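Working notes for the structure below.
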Amino acid sequence: MRKLVSYVALSIAFFLVTPLSTFAYSNTPQHWGIARTKNEVPPDAGAAFNKMLENTGSVYLGNTSKKDIYLTFDNGYENGFTPKFLDVLKKHDVPATFFITGHYIKTNPELVKRMVNEGHIVGNHSWSHPDMTTISDDKILQELEQVKMAYQELTGRDDMKYFRPARGIFSERTLAVVNKAGYDNIFWSLAYVDWKIDQQRGWKYAYDNVMKLIHPGAVILMHTVSKDNAEAMDEVITALHKRGYTFRSLDDLMMERSGFNPYFYVPK
């Protein structure tokens, strides 16, 4: 009887000191990727991903009944092209979200301040760009907080609320931890291989990929290290405007009311 009581007491203590995410969420690594579509048909991440996203404050697609699109950039490091992107965005009065790492904010503070001063959103891309599924809940929170604090110290702003996992690797656990920390997890519905700086193919490669994959509600992912993207940006924005698309910010997306449609933003 005493052994039984001791076992029960130990079990209760274990549950009390172990993070809830250990029990409530799977930590099976997932690599974000969805089947491409054409003819402006929005893609579908599938039932399993949609359910996971619905439960963890995550989004990859906007309202597919409207020709609104959302431009996002990943800024792991600077390759000399971000000023060009900012120039083009300013020229066309287009909002964007830049997901930055700790390395980026340390080495390019003036560019981060320019993003903010020109009305763009700065998102969290983690401090050291790790695979979040391989680190603890506490380490995830540390990765987020380091970027947020450095951003706040640099800009005086406390409005960092969007997160994108490094290399699109995540688990149900990591999404839940990030969401509980006050962030929306932002994935994408349009992307292509653009980050290989030694395999750039010319501006038309980037242009053709965007035009081929575009669809209503698209959350577009582009990497600012790409020369192709930088040289195509002006033509891309011009052509999408001609097609009737409107560039909106992630803040606009989150303010949309869509009920519980898993293909759109799912409120917390």
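Residue numbers start at 1 in each chain; chains themselves are named A, B, ... in the order of the structure tokens; ligands are numbered from 1 in the order shown.
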Polymer residues at most 12 Å from Glu145 (chain A), only C-alpha atoms, same-chain spacing of 3 or more positions, as a ChimeraX atom specification: /A:101-102,124-128,138-142,148-153,158,160-161,163,178,181-183
Each region 160-215 of chain A residue no farther than 10 Å from region 247-254 of chain A, nearest pair in Å, only C-alpha atoms, as CSV:
residue,atom,partner,partner_atom,distance
A:Lys161,CA,A:Asp251,CA,9.8
A:Tyr162,CA,A:Leu250,CA,8.6
A:Asp184,CA,A:Met254,CA,9.2
A:Ile186,CA,A:Leu250,CA,9.1
Next, the residues of the selection above should be written as a JSON list (two decimals), in the first residue's frame with N, CA, C and O atoms.
[["chain", "number", "residue", "atom", "x", "y", "z"],
["A", 161, "LYS", "N", 4.78, 40.24, -33.16],
["A", 161, "LYS", "CA", 3.73, 39.27, -32.83],
["A", 161, "LYS", "C", 3.56, 38.15, -33.85],
["A", 161, "LYS", "O", 2.67, 37.31, -33.71],
["A", 162, "TYR", "N", 4.40, 38.13, -34.87],
["A", 162, "TYR", "CA", 4.33, 37.08, -35.88],
["A", 162, "TYR", "C", 5.64, 36.31, -35.90],
["A", 162, "TYR", "O", 6.72, 36.89, -35.78],
["A", 184, "ASP", "N", 1.49, 34.60, -33.55],
["A", 184, "ASP", "CA", 0.83, 33.82, -34.59],
["A", 184, "ASP", "C", 1.92, 33.19, -35.44],
["A", 184, "ASP", "O", 2.88, 33.86, -35.84],
["A", 186, "ILE", "N", 3.28, 32.00, -38.81],
["A", 186, "ILE", "CA", 2.98, 32.38, -40.19],
["A", 186, "ILE", "C", 3.73, 31.47, -41.16],
["A", 186, "ILE", "O", 4.97, 31.46, -41.22]]
Near-Lys90 (chain A) list (12 Å; only C-alpha atoms; drop same-chain fewer than 6 positions) as a PyMOL selection string: chain A and resi 83-84+96+114-115+117-120+233-234+237
Which of region 97-232 of chain A DSSP labels strand (DSSP E), written as a PyMOL selection string: chain A and resi 97-100+121-124+162-163+169-170+184-186+219-223
Gap from CA of Val59 (chain A) to CA of Trp195 (chain A) - Å, one decimal: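 For CA of Val59 (chain A) relative to CA of Trp195 (chain A), the distance reads 22.2 Å.
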Selection: 12 Å around Thr238 (chain A), only C-alpha atoms, excl. self and same-chain fewer than 2 positions, as a ChimeraX atom specification: /A:88-89,91-94,207,211,232-236,240-247
Ser26 (chain A) environment, 7 Å, only C-alpha atoms, sequence neighbours closer than 4 positions dropped, as a list in words: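 Surrounding residues, per the criterion: Ser171, Glu172 and Arg173 of chain A.
Each of A:Ile197, A:Ala24, A:Val122, A:Val210 was checked against Lys227 (chain A) using only C-alpha atoms; the smallest atom-to-atom distance is that of A:Ile197.
Once region 30-35 of chain A and its same-chain neighbours fewer than 5 positions away are set aside, Pro43, Asp44, Ala45, Gly168, Ile169, Phe170 and Ser171 of chain A remain within 7 Å of it when counting only C-alpha atoms.
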